[in-house]
Structure formats: C-alpha cells, structure tokens
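Colleague: mmCIF, C-alpha atoms, file final_21.cif:
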```cif
data_coords
#
loop_
_atom_site.label_atom_id
_atom_site.label_comp_id
_atom_site.auth_asym_id
_atom_site.auth_seq_id
_atom_site.Cartn_x
_atom_site.Cartn_y
_atom_site.Cartn_z
CA MET P 1 0.00 0.00 0.00
CA ASN P 2 1.18 3.50 -0.82
CA TYR P 3 0.84 6.08 1.95
CA ASN P 4 -0.06 9.73 1.56
CA ILE P 5 0.19 11.17 5.08
CA ARG P 6 -0.34 14.86 5.66
CA GLY P 7 -0.82 16.98 8.73
CA GLU P 8 -2.84 20.13 9.33
CA ASN P 9 -1.72 22.24 12.31
CA LEU P 10 0.59 19.32 13.06
CA GLU P 11 4.06 18.27 11.96
CA VAL P 12 4.09 14.65 10.82
CA THR P 13 7.23 13.31 12.48
CA PRO P 14 8.98 10.17 11.23
CA ALA P 15 7.88 8.37 14.43
CA LEU P 16 4.24 9.32 13.80
CA ARG P 17 4.52 8.29 10.13
CA ASP P 18 6.04 4.91 11.10
CA TYR P 19 3.35 4.32 13.72
CA VAL P 20 0.55 4.98 11.22
CA GLN P 21 2.13 2.72 8.60
CA LYS P 22 2.75 -0.07 11.11
CA LYS P 23 -0.84 0.03 12.40
CA VAL P 24 -2.56 0.35 9.01
CA ASN P 25 -0.36 -2.41 7.55
CA LYS P 26 -1.99 -4.78 10.06
CA LEU P 27 -5.16 -4.53 7.94
CA GLU P 28 -3.38 -6.48 5.19
CA ARG P 29 -3.89 -9.70 7.16
CA TYR P 30 -7.61 -9.55 6.32
CA PHE P 31 -6.99 -9.89 2.58
CA ASP P 32 -5.81 -12.84 0.49
CA THR P 33 -3.35 -10.65 -1.37
CA THR P 34 -1.91 -7.32 -0.31
CA PRO P 35 -4.31 -4.70 -1.66
CA ILE P 36 -2.90 -2.31 -4.21
CA ALA P 37 -4.26 0.93 -2.84
CA ASP P 38 -3.29 4.45 -1.91
CA VAL P 39 -3.84 5.06 1.79
CA ASN P 40 -4.76 8.70 2.38
CA VAL P 41 -4.18 9.81 5.97
CA ARG P 42 -5.03 13.30 7.22
CA MET P 43 -3.96 14.26 10.73
CA GLN P 44 -5.16 17.45 12.32
CA VAL P 45 -5.14 19.23 15.67
CA LEU P 46 -8.06 21.49 16.63
CA ASN P 47 -8.47 22.83 20.16
CA ASN P 48 -6.43 20.05 21.82
CA GLN P 49 -8.40 17.44 19.85
CA HIS P 50 -6.35 15.19 17.58
CA ILE P 51 -8.28 14.14 14.48
CA ILE P 52 -7.17 11.40 12.10
CA GLU P 53 -8.99 10.49 8.91
CA VAL P 54 -8.00 7.44 6.87
CA THR P 55 -9.36 6.64 3.41
CA ILE P 56 -8.40 3.49 1.54
CA PRO P 57 -10.05 3.34 -1.90
CA MET P 58 -9.88 -0.14 -3.40
CA PRO P 59 -11.64 -1.70 -6.37
CA GLN P 60 -15.25 -2.42 -5.34
CA LEU P 61 -14.63 -1.30 -1.74
CA LEU P 62 -13.97 1.98 0.06
CA LEU P 63 -12.69 1.91 3.62
CA ARG P 64 -12.96 5.22 5.45
CA GLY P 65 -12.92 6.28 9.06
CA GLU P 66 -12.38 9.26 11.29
CA GLU P 67 -11.36 9.31 14.93
CA VAL P 68 -11.09 12.18 17.43
CA HIS P 69 -9.07 11.83 20.65
CA THR P 70 -6.94 13.91 22.97
CA ASP P 71 -3.88 11.80 22.04
CA MET P 72 -2.86 11.21 18.41
CA TYR P 73 -1.50 7.72 19.06
CA ALA P 74 -4.78 6.70 20.72
CA ALA P 75 -6.65 8.18 17.75
CA ILE P 76 -4.55 6.06 15.38
CA ASP P 77 -5.34 2.93 17.41
CA GLY P 78 -9.04 3.83 17.35
CA ILE P 79 -9.16 4.38 13.61
CA VAL P 80 -7.52 1.02 12.93
CA GLU P 81 -10.17 -0.66 15.12
CA LYS P 82 -12.92 1.12 13.15
CA LEU P 83 -11.42 0.01 9.84
CA GLU P 84 -11.14 -3.58 11.12
CA ARG P 85 -14.84 -3.50 12.05
CA GLN P 86 -15.69 -2.21 8.57
CA ILE P 87 -13.70 -5.02 6.96
CA ARG P 88 -15.41 -7.64 9.17
CA LYS P 89 -18.82 -6.17 8.37
CA HIS P 90 -18.11 -6.22 4.63
CA LYS P 91 -16.77 -9.77 4.89
CA THR P 92 -19.90 -10.98 6.70
CA LYS P 93 -22.20 -9.21 4.27
CA VAL P 94 -20.27 -10.48 1.26
CA ASN P 95 -20.39 -14.09 2.48
CA ARG P 96 -24.14 -13.92 2.96
CA LYS P 97 -25.13 -12.03 -0.16
CA PHE P 98 -22.61 -12.78 -2.86
CA ARG P 99 -21.68 -16.39 -3.37
CA GLN P 100 -20.71 -16.25 -7.04
CA GLU P 101 -17.17 -16.25 -8.47
CA GLY P 102 -15.63 -12.83 -9.05
CA SER P 103 -17.42 -11.12 -6.18
CA LEU P 104 -15.86 -9.35 -3.22
CA LYS P 105 -15.93 -12.64 -1.33
CA TYR P 106 -12.69 -13.72 -2.94
CA MET P 107 -10.97 -10.54 -1.80
CA PHE P 108 -11.01 -11.52 1.89
CA LYS P 109 -9.45 -14.39 3.79
CA ASN P 110 -11.92 -17.02 4.97
CA ASP P 111 -10.64 -17.37 8.53
CA LEU P 112 -12.16 -14.14 9.87
CA GLU P 113 -14.20 -14.43 13.02
CA PRO P 114 -16.55 -11.71 14.27
CA LEU P 115 -15.31 -9.49 17.07
CA GLU P 116 -16.48 -10.64 20.51
CA GLN P 117 -18.13 -7.36 21.47
CA GLU P 118 -19.63 -6.90 18.01
CA ALA P 119 -23.33 -7.58 17.62
CA PRO P 120 -24.21 -10.22 15.02
CA VAL P 121 -25.05 -8.77 11.62
CA THR P 122 -28.60 -9.46 10.51
CA ASP P 123 -29.62 -9.94 6.89
CA GLU P 124 -32.42 -7.41 7.15
CA LEU P 125 -32.12 -3.67 7.53
CA GLU P 126 -35.15 -2.36 9.36
CA VAL P 127 -36.78 0.97 8.46
CA VAL P 128 -38.19 2.33 11.70
CA ARG P 129 -39.76 5.51 10.38
CA LYS P 130 -41.04 6.84 7.05
CA LYS P 131 -41.74 10.43 6.10
CA ARG P 132 -43.45 11.89 3.06
CA PHE P 133 -43.33 15.51 2.03
CA ASN P 134 -43.56 17.72 -1.03
CA LEU P 135 -40.29 18.97 -2.42
CA LYS P 136 -40.54 22.72 -2.70
CA PRO P 137 -38.46 24.25 -5.53
CA MET P 138 -35.73 26.44 -4.02
CA ASP P 139 -32.04 27.24 -4.27
CA ALA P 140 -29.31 25.83 -2.00
CA GLU P 141 -29.14 28.93 0.20
CA GLU P 142 -32.87 28.77 0.98
CA ALA P 143 -32.56 25.04 1.68
CA ILE P 144 -29.75 25.74 4.18
CA LEU P 145 -31.94 28.31 5.93
CA GLN P 146 -34.82 25.81 6.07
CA MET P 147 -32.50 23.12 7.44
CA ASP P 148 -31.17 25.46 10.15
CA MET P 149 -34.70 26.56 11.10
CA LEU P 150 -35.74 22.92 11.53
CA GLY P 151 -32.58 22.07 13.48
CA HIS P 152 -31.73 19.17 11.15
CA ASN P 153 -28.31 18.25 9.78
CA PHE P 154 -29.57 17.66 6.22
CA PHE P 155 -32.41 18.86 3.99
CA VAL P 156 -33.83 17.41 0.75
CA PHE P 157 -35.16 19.89 -1.80
CA SER P 158 -35.99 20.34 -5.48
CA ASP P 159 -33.60 22.65 -7.35
CA ALA P 160 -35.51 25.69 -8.65
CA VAL P 161 -33.35 25.92 -11.79
CA ASN P 162 -33.30 22.37 -13.15
CA GLY P 163 -35.87 20.55 -10.97
CA SER P 164 -33.44 17.86 -9.77
CA THR P 165 -33.61 16.49 -6.23
CA ASN P 166 -30.68 17.75 -4.15
CA VAL P 167 -29.53 17.48 -0.55
CA VAL P 168 -27.78 20.08 1.58
CA TYR P 169 -26.07 18.92 4.76
CA LYS P 170 -24.10 20.33 7.66
CA ARG P 171 -20.51 19.13 7.80
CA ARG P 172 -18.62 18.37 11.00
CA ASP P 173 -16.49 21.47 10.47
CA GLY P 174 -19.66 23.62 10.61
CA LYS P 175 -19.73 24.37 6.89
CA TYR P 176 -22.33 23.12 4.43
CA GLY P 177 -22.25 20.58 1.62
CA LEU P 178 -24.49 20.04 -1.41
CA ILE P 179 -25.24 16.70 -3.04
CA GLU P 180 -26.47 16.88 -6.65
CA PRO P 181 -27.29 14.06 -9.06
CA GLU P 182 -24.93 13.64 -12.01
CA ALA P 183 -26.28 14.88 -15.29
#
```
What is this file in structure tokens?
Modeller:
Amino acid sequence: MNYNIRGENLEVTPALRDYVQKKVNKLERYFDTTPIADVNVRMQVLNNQHIIEVTIPMPQLLLRGEEVHTDMYAAIDGIVEKLERQIRKHKTKVNRKFRQEGSLKYMFKNDLEPLEQEAPVTDELEVVRKKRFNLKPMDAEEAILQMDMLGHNFFVFSDAVNGSTNVVYKRRDGKYGLIEPEA
C-alpha cells in the first residue's frame, strides 16, 4: 500500500509516520493478497483534539474512518479498530449475499471471526420511520436556511433551476455541503 500522510496544524514526524504505517499495515492480514491501494491519511489538531482520517479506496470497496481523541497515538489505534470492524462487516455481508465467483468474497481471507463485542449482523435492515413531504423548488441557500430553522443536519429539496432532487447537509467542520445528481 502506498501512503499519503499529511498533517494540518501538526508536523508529521517520522515516528508518527512509522506508527501509522505499522498500524494500518496490520489490515493487510484480512486480505488474500496485499491490496494495491493508496492510503490517504489526514492528521489534524483542533483545540487540543487530535483528528485522524484514513481513506483506503480499493476496487469495489472503500474503507474510510475518522477518529477524534486527545492523544494522536490513541486516535490512530481507534481508527484502525474502526477500519477492522468495517472489513469484518463487509466480509460478513459479502459471504451472505454474494456467493458467485468474481465477487468481493474472494478478496477476503476465509478465517475471519466476528469481534467478541460486536453484535451479530442481521440480513435485514429495518426501516423504523417513514416520512413523506412535497419537495418545494428552491435554491441551495434557501434550503440551508430551512435546514437550520428545523434544526436538522440535512435537507432534501428540489432545485428551482433544473428541478433535480438535491440534498444540503451540515458538515462536522460547521460548513455546508451540497449533493447533486450527475447529469
């Protein structure tokens, strides 16, 4: 795996770089062959909070996690645990759903066991609440105002210009994002 490690408000020391590589390399044991992937690591310090974000894009699978902690080394340990849980979840889902040749099943080793504290994965995803509403045509700025007035962290609306269904959402950094369908 190729590593792209960068720091924001933080100097990435060789010791920190080695620790990240050593911990993330442990994920290779979950795969039959070493994945050919670029590991993108972003480390950041905000108000005594150490934030690490790891993204590993692979063919047919995207592993991503973010961890916040007061200690960067503890945050690195936490993010590796999150990524391991994601891999186990994908492995379980793949074994249940895709049994044909050429699927993701053949990407993982077969000797994985679920984590002890992890709840068993069920085949069904349960919808516990449904809502129906009319999409009012508006622009993104009006949708953000509506979202803030409702106290939600996302808002679905119909674009006034082209009529497509869009979503605005509040990001963790306090800024806003817009999701649009591809044309």
Colleague: On this structure, the PyMOL selection byres ((chain P and resi 139) around 6) would catch which residues? List them as a PyMOL selection string, sorted by chain and number.
Modeller: chain P and resi 138+140-142+159-160
Colleague: I'd like the neighbourhood of Ala183 (chain P) as an NGL selection string, where a residue qualifies if any of its atoms comes within 12 Å (using all atoms listed in the file), though same-chain residues fewer than 6 positions away should be ignored.
Modeller: :P and (162-165)
Colleague: Go ahead and save the residues from that selection, with C-alpha atoms, as a compact mmCIF listing (two decimals), in the frame of the given file.
Modeller:
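Output (again-v1.txt):
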```txt
# COMPACT_ATOMS: atom_id res chain seq x y z
CA ASN P 162 -33.30 22.37 -13.15
CA GLY P 163 -35.87 20.55 -10.97
CA SER P 164 -33.44 17.86 -9.77
CA THR P 165 -33.61 16.49 -6.23
```
Colleague: Go through P:Glu84, P:Lys130, P:Phe31, P:Tyr169 one by one, measure the shortest atom-to-atom distance of each to Gly151 (chain P) using all atoms listed in the file, and give the residue with the smallest value.
Modeller: P:Tyr169
Colleague: Please measure the separation of CA of Ile179 (chain P) and CA of Val161 (chain P), giving the value in Å to one decimal.
Modeller: 15.1 Å
Colleague: One decimal, in Å: what's the spacing between CA of Asn4 (chain P) and CA of Asn40 (chain P)?
Modeller: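 Separation between CA of Asn4 (chain P) and CA of Asn40 (chain P): 4.9 Å.
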Colleague: Take CA of Asn9 (chain P) and CA of Leu63 (chain P) and report the distance between them in Å, one decimal.
Modeller: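 Answer for the CA of Asn9 (chain P) to CA of Leu63 (chain P) separation: 24.7 Å.
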